[in-house]
file target-v8.pdb (PDB, C-alpha atoms, pLDDT in the B column)
ATOM      1  CA  ILE A   1     -43.434 -77.796 -35.452  1.00 21.00           C
ATOM      2  CA  THR A   2     -40.984 -74.927 -35.085  1.00 23.00           C
ATOM      3  CA  SER A   3     -40.174 -76.058 -31.556  1.00 24.00           C
ATOM      4  CA  LEU A   4     -38.822 -79.409 -32.741  1.00 24.00           C
ATOM      5  CA  SER A   5     -35.111 -79.956 -33.189  1.00 29.00           C
ATOM      6  CA  SER A   6     -33.908 -80.254 -36.761  1.00 30.00           C
ATOM      7  CA  PRO A   7     -34.146 -83.666 -38.455  1.00 32.00           C
ATOM      8  CA  LEU A   8     -30.838 -85.395 -39.053  1.00 29.00           C
ATOM      9  CA  SER A   9     -31.335 -85.200 -42.798  1.00 33.00           C
ATOM     10  CA  ILE A  10     -33.173 -82.732 -45.004  1.00 35.00           C
ATOM     11  CA  PHE A  11     -34.618 -84.338 -48.125  1.00 36.00           C
ATOM     12  CA  HIS A  12     -35.324 -82.153 -51.121  1.00 40.00           C
ATOM     13  CA  PRO A  13     -38.342 -83.493 -53.043  1.00 39.00           C
ATOM     14  CA  LEU A  14     -36.857 -82.391 -56.372  1.00 41.00           C
ATOM     15  CA  MET A  15     -33.385 -83.805 -55.778  1.00 44.00           C
ATOM     16  CA  GLU A  16     -33.893 -87.164 -54.095  1.00 47.00           C
ATOM     17  CA  ALA A  17     -35.696 -90.362 -55.029  1.00 51.00           C
ATOM     18  CA  SER A  18     -39.074 -90.221 -53.318  1.00 55.00           C
ATOM     19  CA  THR A  19     -39.934 -92.514 -50.415  1.00 62.00           C
ATOM     20  CA  PRO A  20     -42.668 -92.094 -47.778  1.00 63.00           C
ATOM     21  CA  GLU A  21     -40.023 -91.340 -45.142  1.00 59.00           C
ATOM     22  CA  LYS A  22     -38.292 -88.713 -47.272  1.00 62.00           C
ATOM     23  CA  ASP A  23     -41.580 -87.129 -48.287  1.00 77.00           C
ATOM     24  CA  ALA A  24     -42.629 -86.883 -44.637  1.00 78.00           C
ATOM     25  CA  ALA A  25     -39.305 -85.352 -43.576  1.00 80.00           C
ATOM     26  CA  GLY A  26     -39.387 -82.865 -46.433  1.00 88.00           C
ATOM     27  CA  THR A  27     -42.969 -81.855 -45.666  1.00 91.00           C
ATOM     28  CA  LEU A  28     -42.115 -81.343 -41.991  1.00 93.00           C
ATOM     29  CA  VAL A  29     -39.322 -78.921 -42.894  1.00 94.00           C
ATOM     30  CA  ILE A  30     -41.475 -77.104 -45.463  1.00 95.00           C
ATOM     31  CA  LEU A  31     -44.199 -76.562 -42.858  1.00 96.00           C
ATOM     32  CA  ALA A  32     -41.680 -75.441 -40.249  1.00 96.00           C
ATOM     33  CA  TYR A  33     -40.102 -73.024 -42.737  1.00 97.00           C
ATOM     34  CA  LEU A  34     -43.460 -71.505 -43.707  1.00 97.00           C
ATOM     35  CA  GLU A  35     -44.417 -71.025 -40.069  1.00 97.00           C
ATOM     36  CA  ARG A  36     -40.963 -69.531 -39.417  1.00 97.00           C
ATOM     37  CA  ILE A  37     -41.734 -66.773 -41.939  1.00 98.00           C
ATOM     38  CA  GLY A  38     -45.115 -65.939 -40.502  1.00 97.00           C
ATOM     39  CA  PHE A  39     -47.703 -68.201 -42.092  1.00 97.00           C
ATOM     40  CA  THR A  40     -50.325 -69.806 -39.871  1.00 97.00           C
ATOM     41  CA  PRO A  41     -50.415 -73.612 -39.632  1.00 96.00           C
ATOM     42  CA  GLU A  42     -53.479 -73.603 -41.889  1.00 97.00           C
ATOM     43  CA  GLU A  43     -51.813 -71.350 -44.476  1.00 97.00           C
ATOM     44  CA  SER A  44     -48.621 -73.409 -44.331  1.00 96.00           C
ATOM     45  CA  SER A  45     -50.520 -76.639 -44.904  1.00 95.00           C
ATOM     46  CA  SER A  46     -52.377 -75.135 -47.862  1.00 95.00           C
ATOM     47  CA  LEU A  47     -49.168 -73.867 -49.477  1.00 95.00           C
ATOM     48  CA  ALA A  48     -47.353 -77.165 -48.936  1.00 94.00           C
ATOM     49  CA  ASN A  49     -50.209 -79.276 -50.271  1.00 92.00           C
ATOM     50  CA  ASN A  50     -51.299 -77.178 -53.248  1.00 89.00           C
ATOM     51  CA  ARG A  51     -47.862 -76.429 -54.744  1.00 88.00           C
ATOM     52  CA  ASN A  52     -49.390 -74.206 -57.403  1.00 90.00           C
ATOM     53  CA  PRO A  53     -46.792 -71.507 -58.200  1.00 95.00           C
ATOM     54  CA  SER A  54     -48.090 -68.038 -59.038  1.00 96.00           C
ATOM     55  CA  THR A  55     -46.775 -64.494 -59.224  1.00 96.00           C
ATOM     56  CA  HIS A  56     -49.012 -63.416 -56.343  1.00 96.00           C
ATOM     57  CA  GLU A  57     -47.956 -66.294 -54.109  1.00 97.00           C
ATOM     58  CA  LEU A  58     -44.278 -65.637 -54.860  1.00 98.00           C
ATOM     59  CA  ALA A  59     -44.700 -61.986 -53.859  1.00 97.00           C
ATOM     60  CA  VAL A  60     -46.288 -63.017 -50.555  1.00 97.00           C
ATOM     61  CA  LEU A  61     -43.551 -65.576 -49.853  1.00 98.00           C
ATOM     62  CA  LEU A  62     -40.855 -62.986 -50.575  1.00 97.00           C
ATOM     63  CA  ARG A  63     -42.504 -60.323 -48.408  1.00 96.00           C
ATOM     64  CA  ASN A  64     -42.912 -62.694 -45.478  1.00 97.00           C
ATOM     65  CA  HIS A  65     -39.320 -63.875 -45.816  1.00 97.00           C
ATOM     66  CA  LEU A  66     -37.955 -60.330 -45.822  1.00 95.00           C
ATOM     67  CA  LEU A  67     -39.958 -59.461 -42.703  1.00 94.00           C
ATOM     68  CA  ALA A  68     -38.956 -62.593 -40.774  1.00 96.00           C
ATOM     69  CA  VAL A  69     -35.385 -63.533 -41.762  1.00 96.00           C
ATOM     70  CA  PRO A  70     -32.784 -60.766 -41.366  1.00 93.00           C
ATOM     71  CA  PHE A  71     -29.498 -60.420 -43.176  1.00 90.00           C
ATOM     72  CA  GLU A  72     -26.849 -60.983 -40.505  1.00 88.00           C
ATOM     73  CA  ASN A  73     -23.165 -61.806 -40.435  1.00 82.00           C
ATOM     74  CA  LEU A  74     -22.684 -62.425 -36.713  1.00 81.00           C
ATOM     75  CA  GLY A  75     -21.236 -65.872 -37.362  1.00 80.00           C
ATOM     76  CA  GLN A  76     -18.347 -64.406 -39.326  1.00 80.00           C
ATOM     77  CA  HIS A  77     -16.984 -62.614 -36.267  1.00 83.00           C
ATOM     78  CA  GLU A  78     -15.419 -63.952 -33.108  1.00 85.00           C
ATOM     79  CA  HIS A  79     -17.123 -62.671 -29.978  1.00 81.00           C
ATOM     80  CA  PRO A  80     -14.668 -62.511 -27.035  1.00 87.00           C
ATOM     81  CA  SER A  81     -15.774 -63.434 -23.573  1.00 88.00           C
ATOM     82  CA  GLY A  82     -16.530 -60.710 -21.081  1.00 87.00           C
ATOM     83  CA  GLU A  83     -18.125 -60.244 -17.725  1.00 86.00           C
ATOM     84  CA  GLY A  84     -20.973 -62.717 -17.667  1.00 86.00           C
ATOM     85  CA  VAL A  85     -20.626 -63.353 -21.412  1.00 86.00           C
ATOM     86  CA  ALA A  86     -19.237 -66.592 -22.838  1.00 87.00           C
ATOM     87  CA  HIS A  87     -16.774 -66.675 -25.725  1.00 86.00           C
ATOM     88  CA  VAL A  88     -18.384 -67.390 -29.093  1.00 81.00           C
ATOM     89  CA  ALA A  89     -16.147 -68.635 -31.907  1.00 83.00           C
ATOM     90  CA  ARG A  90     -16.586 -67.856 -35.579  1.00 83.00           C
ATOM     91  CA  ASP A  91     -19.152 -69.972 -37.391  1.00 81.00           C
ATOM     92  CA  TYR A  92     -18.681 -69.271 -41.077  1.00 80.00           C
ATOM     93  CA  PRO A  93     -21.594 -69.554 -43.536  1.00 80.00           C
ATOM     94  CA  THR A  94     -21.859 -72.853 -45.349  1.00 82.00           C
ATOM     95  CA  LEU A  95     -23.184 -73.983 -48.702  1.00 80.00           C
ATOM     96  CA  GLN A  96     -24.621 -77.136 -47.114  1.00 87.00           C
ATOM     97  CA  VAL A  97     -28.343 -76.526 -47.335  1.00 89.00           C
ATOM     98  CA  HIS A  98     -29.312 -78.756 -44.405  1.00 90.00           C
ATOM     99  CA  LYS A  99     -27.082 -76.706 -42.074  1.00 91.00           C
ATOM    100  CA  THR A 100     -28.492 -73.460 -43.421  1.00 92.00           C
ATOM    101  CA  LEU A 101     -32.065 -74.678 -42.941  1.00 94.00           C
ATOM    102  CA  HIS A 102     -31.244 -75.714 -39.383  1.00 93.00           C
ATOM    103  CA  LYS A 103     -29.847 -72.243 -38.659  1.00 93.00           C
ATOM    104  CA  ILE A 104     -32.648 -70.221 -40.251  1.00 95.00           C
ATOM    105  CA  VAL A 105     -35.688 -72.401 -39.625  1.00 96.00           C
ATOM    106  CA  PHE A 106     -35.030 -74.214 -36.368  1.00 95.00           C
ATOM    107  CA  CYS A 107     -32.583 -71.837 -34.648  1.00 92.00           C
ATOM    108  CA  ARG A 108     -34.627 -68.863 -35.908  1.00 94.00           C
ATOM    109  CA  ARG A 109     -31.528 -66.968 -37.026  1.00 93.00           C
ATOM    110  CA  GLY A 110     -30.851 -64.776 -40.010  1.00 93.00           C
ATOM    111  CA  GLY A 111     -27.977 -65.397 -42.357  1.00 91.00           C
ATOM    112  CA  PHE A 112     -25.474 -64.195 -44.906  1.00 88.00           C
ATOM    113  CA  CYS A 113     -26.607 -63.588 -48.484  1.00 88.00           C
ATOM    114  CA  TRP A 114     -26.037 -67.050 -49.908  1.00 85.00           C
ATOM    115  CA  GLU A 115     -27.360 -68.751 -46.781  1.00 92.00           C
ATOM    116  CA  ILE A 116     -30.666 -66.894 -47.040  1.00 94.00           C
ATOM    117  CA  ASN A 117     -30.961 -67.306 -50.795  1.00 95.00           C
ATOM    118  CA  PHE A 118     -29.968 -70.989 -50.730  1.00 92.00           C
ATOM    119  CA  ALA A 119     -32.644 -71.598 -48.111  1.00 95.00           C
ATOM    120  CA  PHE A 120     -35.278 -69.590 -49.996  1.00 96.00           C
ATOM    121  CA  CYS A 121     -34.357 -71.438 -53.192  1.00 95.00           C
ATOM    122  CA  TRP A 122     -34.909 -74.738 -51.369  1.00 95.00           C
ATOM    123  CA  LEU A 123     -38.303 -73.578 -50.134  1.00 96.00           C
ATOM    124  CA  LEU A 124     -39.440 -72.324 -53.531  1.00 96.00           C
ATOM    125  CA  ARG A 125     -38.342 -75.502 -55.307  1.00 94.00           C
ATOM    126  CA  SER A 126     -40.097 -77.532 -52.638  1.00 93.00           C
ATOM    127  CA  LEU A 127     -43.294 -75.597 -53.413  1.00 95.00           C
ATOM    128  CA  GLY A 128     -42.991 -76.318 -57.137  1.00 94.00           C
ATOM    129  CA  TYR A 129     -41.186 -73.211 -58.398  1.00 95.00           C
ATOM    130  CA  LYS A 130     -38.488 -73.363 -61.073  1.00 95.00           C
ATOM    131  CA  VAL A 131     -35.532 -71.505 -59.578  1.00 95.00           C
ATOM    132  CA  ARG A 132     -32.051 -70.765 -60.922  1.00 94.00           C
ATOM    133  CA  ILE A 133     -29.078 -69.468 -58.949  1.00 92.00           C
ATOM    134  CA  GLY A 134     -27.330 -66.432 -60.428  1.00 91.00           C
ATOM    135  CA  SER A 135     -24.156 -64.450 -59.789  1.00 90.00           C
ATOM    136  CA  ALA A 136     -24.386 -60.781 -58.808  1.00 89.00           C
ATOM    137  CA  ASN A 137     -21.894 -58.012 -58.144  1.00 82.00           C
ATOM    138  CA  VAL A 138     -21.470 -56.159 -54.863  1.00 78.00           C
ATOM    139  CA  ILE A 139     -19.386 -53.076 -54.137  1.00 71.00           C
ATOM    140  CA  THR A 140     -16.188 -53.264 -52.086  1.00 70.00           C
ATOM    141  CA  PRO A 141     -13.445 -50.732 -51.312  1.00 67.00           C
ATOM    142  CA  GLY A 142     -11.589 -52.127 -54.321  1.00 70.00           C
ATOM    143  CA  GLY A 143     -14.564 -51.937 -56.668  1.00 68.00           C
ATOM    144  CA  PRO A 144     -17.309 -54.375 -57.686  1.00 71.00           C
ATOM    145  CA  ILE A 145     -16.790 -58.100 -57.278  1.00 74.00           C
ATOM    146  CA  PRO A 146     -19.061 -61.090 -58.026  1.00 75.00           C
ATOM    147  CA  GLY A 147     -19.602 -61.675 -54.317  1.00 79.00           C
ATOM    148  CA  HIS A 148     -23.352 -62.184 -54.185  1.00 87.00           C
ATOM    149  CA  LEU A 149     -25.822 -64.903 -55.105  1.00 89.00           C
ATOM    150  CA  CYS A 150     -29.280 -64.046 -56.455  1.00 93.00           C
ATOM    151  CA  LEU A 151     -32.267 -66.097 -57.601  1.00 95.00           C
ATOM    152  CA  TYR A 152     -34.242 -66.173 -60.844  1.00 95.00           C
ATOM    153  CA  VAL A 153     -37.690 -67.770 -60.955  1.00 96.00           C
ATOM    154  CA  ASP A 154     -38.857 -69.095 -64.326  1.00 95.00           C
ATOM    155  CA  GLY A 155     -42.257 -70.110 -65.627  1.00 95.00           C
ATOM    156  CA  LEU A 156     -44.441 -67.326 -64.195  1.00 95.00           C
ATOM    157  CA  GLY A 157     -44.442 -65.115 -67.287  1.00 93.00           C
ATOM    158  CA  PRO A 158     -42.515 -64.341 -70.456  1.00 94.00           C
ATOM    159  CA  ASP A 159     -39.384 -63.291 -68.527  1.00 93.00           C
ATOM    160  CA  PRO A 160     -37.542 -64.604 -65.465  1.00 95.00           C
ATOM    161  CA  VAL A 161     -38.321 -62.928 -62.149  1.00 95.00           C
ATOM    162  CA  LEU A 162     -35.549 -61.707 -59.825  1.00 95.00           C
ATOM    163  CA  VAL A 163     -35.984 -62.441 -56.118  1.00 96.00           C
ATOM    164  CA  ASP A 164     -33.173 -61.650 -53.704  1.00 94.00           C
ATOM    165  CA  PRO A 165     -34.107 -61.822 -50.000  1.00 95.00           C
ATOM    166  CA  GLY A 166     -30.446 -62.370 -49.124  1.00 91.00           C
ATOM    167  CA  PHE A 167     -29.373 -58.892 -50.223  1.00 86.00           C
ATOM    168  CA  GLY A 168     -28.990 -56.458 -47.340  1.00 76.00           C
ATOM    169  CA  ASP A 169     -31.294 -53.943 -49.041  1.00 78.00           C
ATOM    170  CA  ALA A 170     -33.305 -56.328 -51.173  1.00 81.00           C
ATOM    171  CA  PRO A 171     -36.114 -55.572 -53.626  1.00 88.00           C
ATOM    172  CA  ARG A 172     -39.365 -55.900 -51.696  1.00 90.00           C
ATOM    173  CA  VAL A 173     -41.199 -57.409 -54.659  1.00 93.00           C
ATOM    174  CA  PRO A 174     -40.265 -59.841 -57.452  1.00 95.00           C
ATOM    175  CA  VAL A 175     -38.751 -57.951 -60.399  1.00 94.00           C
ATOM    176  CA  PRO A 176     -39.203 -59.263 -63.981  1.00 94.00           C
ATOM    177  CA  ILE A 177     -35.864 -59.088 -65.767  1.00 93.00           C
ATOM    178  CA  LYS A 178     -34.209 -60.194 -69.005  1.00 89.00           C
ATOM    179  CA  MET A 179     -30.733 -60.128 -70.470  1.00 89.00           C
ATOM    180  CA  GLY A 180     -29.499 -56.682 -71.444  1.00 88.00           C
ATOM    181  CA  ALA A 181     -32.585 -54.695 -70.426  1.00 90.00           C
ATOM    182  CA  VAL A 182     -32.773 -52.365 -67.424  1.00 91.00           C
ATOM    183  CA  ALA A 183     -35.355 -53.472 -64.846  1.00 92.00           C
ATOM    184  CA  GLU A 184     -36.455 -51.072 -62.114  1.00 90.00           C
ATOM    185  CA  ASP A 185     -37.520 -51.971 -58.617  1.00 87.00           C
ATOM    186  CA  PRO A 186     -41.004 -50.384 -58.456  1.00 86.00           C
ATOM    187  CA  GLN A 187     -40.710 -49.640 -54.728  1.00 82.00           C
ATOM    188  CA  LEU A 188     -37.088 -48.598 -54.147  1.00 80.00           C
ATOM    189  CA  GLY A 189     -36.354 -47.324 -57.641  1.00 84.00           C
ATOM    190  CA  ASP A 190     -33.039 -49.188 -57.932  1.00 86.00           C
ATOM    191  CA  ALA A 191     -32.106 -50.358 -61.427  1.00 89.00           C
ATOM    192  CA  PHE A 192     -30.963 -53.871 -62.339  1.00 90.00           C
ATOM    193  CA  LYS A 193     -29.401 -55.312 -65.454  1.00 90.00           C
ATOM    194  CA  VAL A 194     -28.204 -58.802 -66.393  1.00 91.00           C
ATOM    195  CA  LEU A 195     -25.031 -58.716 -68.480  1.00 89.00           C
ATOM    196  CA  PRO A 196     -22.866 -61.420 -70.072  1.00 90.00           C
ATOM    197  CA  ASN A 197     -20.192 -62.498 -67.620  1.00 88.00           C
ATOM    198  CA  ASP A 198     -16.790 -61.241 -68.798  1.00 87.00           C
ATOM    199  CA  ARG A 199     -14.326 -63.854 -67.558  1.00 84.00           C
ATOM    200  CA  SER A 200     -11.471 -61.339 -67.651  1.00 84.00           C
ATOM    201  CA  LEU A 201     -13.059 -59.176 -64.943  1.00 82.00           C
ATOM    202  CA  TYR A 202     -13.241 -59.388 -61.140  1.00 78.00           C
ATOM    203  CA  ASN A 203     -10.446 -61.955 -60.685  1.00 77.00           C
ATOM    204  CA  GLN A 204     -12.934 -64.791 -61.066  1.00 82.00           C
ATOM    205  CA  THR A 205     -11.862 -68.375 -60.628  1.00 82.00           C
ATOM    206  CA  ASP A 206     -12.251 -70.667 -63.623  1.00 85.00           C
ATOM    207  CA  ALA A 207     -14.926 -72.594 -61.731  1.00 86.00           C
ATOM    208  CA  HIS A 208     -16.974 -69.464 -61.051  1.00 82.00           C
ATOM    209  CA  ALA A 209     -16.632 -68.100 -64.579  1.00 84.00           C
ATOM    210  CA  GLY A 210     -17.554 -71.473 -66.038  1.00 86.00           C
ATOM    211  CA  ARG A 211     -20.665 -71.842 -63.922  1.00 87.00           C
ATOM    212  CA  PHE A 212     -22.162 -68.375 -64.457  1.00 89.00           C
ATOM    213  CA  ASP A 213     -22.513 -67.028 -67.993  1.00 88.00           C
ATOM    214  CA  SER A 214     -24.175 -63.824 -66.783  1.00 90.00           C
ATOM    215  CA  VAL A 215     -23.914 -61.391 -63.885  1.00 89.00           C
ATOM    216  CA  LEU A 216     -26.499 -59.139 -62.238  1.00 90.00           C
ATOM    217  CA  VAL A 217     -25.464 -55.508 -61.684  1.00 87.00           C
ATOM    218  CA  ARG A 218     -27.348 -52.907 -59.675  1.00 84.00           C
ATOM    219  CA  ALA A 219     -27.484 -49.104 -59.626  1.00 83.00           C
ATOM    220  CA  ARG A 220     -28.698 -47.528 -56.391  1.00 78.00           C
ATOM    221  CA  LYS A 221     -31.242 -44.742 -56.763  1.00 75.00           C
ATOM    222  CA  THR A 222     -29.772 -42.754 -53.866  1.00 67.00           C
ATOM    223  CA  GLY A 223     -26.154 -43.874 -54.123  1.00 58.00           C
ATOM    224  CA  ILE A 224     -24.136 -44.835 -51.057  1.00 54.00           C
ATOM    225  CA  GLY A 225     -23.360 -41.352 -49.752  1.00 48.00           C
ATOM    226  CA  GLY A 226     -23.908 -41.014 -46.039  1.00 44.00           C
ATOM    227  CA  SER A 227     -23.547 -44.733 -45.406  1.00 46.00           C
ATOM    228  CA  ALA A 228     -20.650 -46.579 -43.813  1.00 45.00           C
ATOM    229  CA  MET A 229     -19.734 -47.952 -47.238  1.00 44.00           C
ATOM    230  CA  GLY A 230     -19.508 -44.379 -48.523  1.00 46.00           C
ATOM    231  CA  ALA A 231     -16.503 -43.714 -46.302  1.00 46.00           C
ATOM    232  CA  LEU A 232     -14.834 -46.949 -47.376  1.00 44.00           C
ATOM    233  CA  VAL A 233     -15.023 -46.112 -51.066  1.00 45.00           C
ATOM    234  CA  GLY A 234     -14.258 -42.424 -50.674  1.00 46.00           C
ATOM    235  CA  GLY A 235     -17.794 -41.024 -50.859  1.00 45.00           C
ATOM    236  CA  GLU A 236     -18.762 -37.949 -48.876  1.00 42.00           C
ATOM    237  CA  GLY A 237     -22.230 -36.607 -48.173  1.00 37.00           C
ATOM    238  CA  ASP A 238     -25.198 -37.506 -50.317  1.00 38.00           C
ATOM    239  CA  ALA A 239     -24.208 -38.933 -53.660  1.00 38.00           C
ATOM    240  CA  PRO A 240     -26.313 -38.111 -56.738  1.00 38.00           C
ATOM    241  CA  PRO A 241     -28.343 -40.944 -58.233  1.00 42.00           C
ATOM    242  CA  PRO A 242     -26.160 -43.077 -60.522  1.00 45.00           C
ATOM    243  CA  PRO A 243     -27.108 -43.725 -64.143  1.00 48.00           C
ATOM    244  CA  PRO A 244     -28.754 -47.054 -64.975  1.00 49.00           C
ATOM    245  CA  PRO A 245     -26.345 -49.979 -65.416  1.00 52.00           C
ATOM    246  CA  LYS A 246     -24.682 -50.093 -68.824  1.00 49.00           C
TER     247      LYS A 246
END
call {"tool": "encode", "arguments": {"input": "target-v8.pdb", "output": "structure tokens"}}
result
Amino acid sequence: ITSLSSPLSIFHPLMEASTPEKDAAGTLVILAYLERIGFTPEESSSLANNRNPSTHELAVLLRNHLLAVPFENLGQHEHPSGEGVAHVARDYPTLQVHKTLHKIVFCRRGGFCWEINFAFCWLLRSLGYKVRIGSANVITPGGPIPGHLCLYVDGLGPDPVLVDPGFGDAPRVPVPIKMGAVAEDPQLGDAFKVLPNDRSLYNQTDAHAGRFDSVLVRARKTGIGGSAMGALVGGEGDAPPPPPPK
């Protein structure tokens, strides 16, 4: 299946009126996606047919996705021609899910944060999961901005579960989280907190502030010292662990 070219249209079973043709097209893409992230044809068929969401299954889907689909921003840069190398123009990320699925599933590429998370959201919803899109902050030379998209999965326990395969250094496992409480990544030790979205901060547009009533913030266990970002924001050497988000 993964060798086929992408269908002209991608039908989402939770967003479109069902017809046999749409169901068949959607199932084809689901199977191709699952095989793209390392499941065997038999495992892919079982996942697509059962559609029985569980915490364990979500953890396996997230792990496979992280191992198979890299964060990459190659499309955001122009690649000049050189000796024996053709010129490649910029190809900016898009919020059109069918184009993102074509890139990740059928072209076997990685993607930028919202490309990966949009695609993973599509897959999870197609498998019966209840998924919400959330706003998250990232650090820049000028300070934090709401420049990231994360995912919350509902219905698997008393609290939503954070999954974020589109983050460059993502949690390796789903992280239960709730408003105002600090949640810790059990593997990396990073701390997360969901806070009310203050519309006066981060130069948000009215559309963004109106859509997201909360924002996810993150505190790195080891800081950013020693990384390329450390130089951009004035850090030198190894930074001490930051306090949990407040």
call {"tool": "resolve_selection", "arguments": {"input": "target-v8.pdb", "expression": "the PyMOL selection byres ((chain A and resi 62-70) around 9)", "output": "VMD selection string"}}
result
chain A and resid 34 36 to 39 57 to 61 71 to 72 104 108 to 112 116 120 163 to 166 168 170 172 to 174
call {"tool": "closest_residue", "arguments": {"input": "target-v8.pdb", "among": "A:Ala181, A:Val217, A:Phe118, A:Gly75", "to": "A:Thr100", "atoms": "only C-alpha atoms"}}
result
A:Phe118
call {"tool": "resolve_selection", "arguments": {"input": "target-v8.pdb", "expression": "the PyMOL selection byres ((chain A and resi 180) around 6)", "output": "list in words"}}
result
Met179, Ala181, Val194 and Leu195 of chain A
call {"tool": "closest_residue", "arguments": {"input": "target-v8.pdb", "among": "A:Ala191, A:Ile30, A:Ala89, A:Ala25", "to": "A:Val105", "atoms": "all atoms listed in the file"}}
result
A:Ile30
call {"tool": "closest_residue", "arguments": {"input": "target-v8.pdb", "among": "A:Phe106, A:Tyr129, A:Phe192, A:Phe212", "to": "A:Gly155", "atoms": "all atoms listed in the file"}}
result
A:Tyr129
call {"tool": "closest_residue", "arguments": {"input": "target-v8.pdb", "among": "A:Ala48, A:Ala136, A:Val97, A:Leu149", "to": "A:Glu35", "atoms": "all atoms listed in the file"}}
result
A:Ala48
call {"tool": "residues_around", "arguments": {"input": "target-v8.pdb", "residues": "A:Gly157", "least_positions_apart": "5", "cutoff": "10 Å", "atoms": "only C-alpha atoms", "output": "number ranges by chain"}}
result
A: 54-55, 176
call {"tool": "resolve_selection", "arguments": {"input": "target-v8.pdb", "expression": "the PyMOL selection byres ((chain A and resi 51) around 9)", "output": "list in words"}}
result
Ser46, Leu47, Ala48, Asn49, Asn50, Asn52, Pro53, Ser126, Leu127, Gly128 and Tyr129 of chain A
call {"tool": "atom_distance", "arguments": {"input": "target-v8.pdb", "atom1": "atom CA of A:Phe167", "atom2": "atom CA of A:Lys99"}}
result
19.7 Å
call {"tool": "build_atoms", "arguments": {"input": "target-v8.pdb", "residues": "stretch 164-179 of chain A", "atoms": "N, CA and C atoms", "output": "PDB file, in the coordinates of the input"}}
result
ATOM      1  N   ASP A 164     -34.496 -61.745 -54.331  1.00 94.00           N
ATOM      2  CA  ASP A 164     -33.173 -61.650 -53.704  1.00 94.00           C
ATOM      3  C   ASP A 164     -33.288 -61.305 -52.221  1.00 94.00           C
ATOM      4  N   PRO A 165     -33.953 -62.155 -51.418  1.00 95.00           N
ATOM      5  CA  PRO A 165     -34.107 -61.822 -50.000  1.00 95.00           C
ATOM      6  C   PRO A 165     -32.797 -61.795 -49.233  1.00 95.00           C
ATOM      7  N   GLY A 166     -31.724 -62.349 -49.811  1.00 91.00           N
ATOM      8  CA  GLY A 166     -30.446 -62.370 -49.124  1.00 91.00           C
ATOM      9  C   GLY A 166     -29.643 -61.096 -49.260  1.00 91.00           C
ATOM     10  N   PHE A 167     -30.092 -60.155 -50.099  1.00 86.00           N
ATOM     11  CA  PHE A 167     -29.373 -58.892 -50.223  1.00 86.00           C
ATOM     12  C   PHE A 167     -29.728 -58.007 -49.041  1.00 86.00           C
ATOM     13  N   GLY A 168     -28.753 -57.265 -48.530  1.00 76.00           N
ATOM     14  CA  GLY A 168     -28.990 -56.458 -47.340  1.00 76.00           C
ATOM     15  C   GLY A 168     -30.057 -55.400 -47.519  1.00 76.00           C
ATOM     16  N   ASP A 169     -30.251 -54.930 -48.742  1.00 78.00           N
ATOM     17  CA  ASP A 169     -31.294 -53.943 -49.041  1.00 78.00           C
ATOM     18  C   ASP A 169     -32.049 -54.458 -50.259  1.00 78.00           C
ATOM     19  N   ALA A 170     -32.754 -55.557 -50.065  1.00 81.00           N
ATOM     20  CA  ALA A 170     -33.305 -56.328 -51.173  1.00 81.00           C
ATOM     21  C   ALA A 170     -34.543 -55.676 -51.773  1.00 81.00           C
ATOM     22  N   PRO A 171     -34.819 -55.960 -53.061  1.00 88.00           N
ATOM     23  CA  PRO A 171     -36.114 -55.572 -53.626  1.00 88.00           C
ATOM     24  C   PRO A 171     -37.240 -56.199 -52.814  1.00 88.00           C
ATOM     25  N   ARG A 172     -38.259 -55.409 -52.520  1.00 90.00           N
ATOM     26  CA  ARG A 172     -39.365 -55.900 -51.696  1.00 90.00           C
ATOM     27  C   ARG A 172     -40.359 -56.732 -52.485  1.00 90.00           C
ATOM     28  N   VAL A 173     -40.272 -56.674 -53.796  1.00 93.00           N
ATOM     29  CA  VAL A 173     -41.199 -57.409 -54.659  1.00 93.00           C
ATOM     30  C   VAL A 173     -40.396 -58.126 -55.738  1.00 93.00           C
ATOM     31  N   PRO A 174     -40.938 -59.204 -56.318  1.00 95.00           N
ATOM     32  CA  PRO A 174     -40.265 -59.841 -57.452  1.00 95.00           C
ATOM     33  C   PRO A 174     -40.153 -58.860 -58.619  1.00 95.00           C
ATOM     34  N   VAL A 175     -39.015 -58.895 -59.308  1.00 94.00           N
ATOM     35  CA  VAL A 175     -38.751 -57.951 -60.399  1.00 94.00           C
ATOM     36  C   VAL A 175     -38.529 -58.726 -61.694  1.00 94.00           C
ATOM     37  N   PRO A 176     -39.446 -58.624 -62.681  1.00 94.00           N
ATOM     38  CA  PRO A 176     -39.203 -59.263 -63.981  1.00 94.00           C
ATOM     39  C   PRO A 176     -37.950 -58.682 -64.626  1.00 94.00           C
ATOM     40  N   ILE A 177     -37.138 -59.549 -65.227  1.00 93.00           N
ATOM     41  CA  ILE A 177     -35.864 -59.088 -65.767  1.00 93.00           C
ATOM     42  C   ILE A 177     -35.458 -59.978 -66.931  1.00 93.00           C
ATOM     43  N   LYS A 178     -34.727 -59.405 -67.901  1.00 89.00           N
ATOM     44  CA  LYS A 178     -34.209 -60.194 -69.005  1.00 89.00           C
ATOM     45  C   LYS A 178     -32.856 -59.647 -69.423  1.00 89.00           C
ATOM     46  N   MET A 179     -32.098 -60.465 -70.105  1.00 89.00           N
ATOM     47  CA  MET A 179     -30.733 -60.128 -70.470  1.00 89.00           C
ATOM     48  C   MET A 179     -30.662 -58.803 -71.227  1.00 89.00           C
TER      49      MET A 179
END
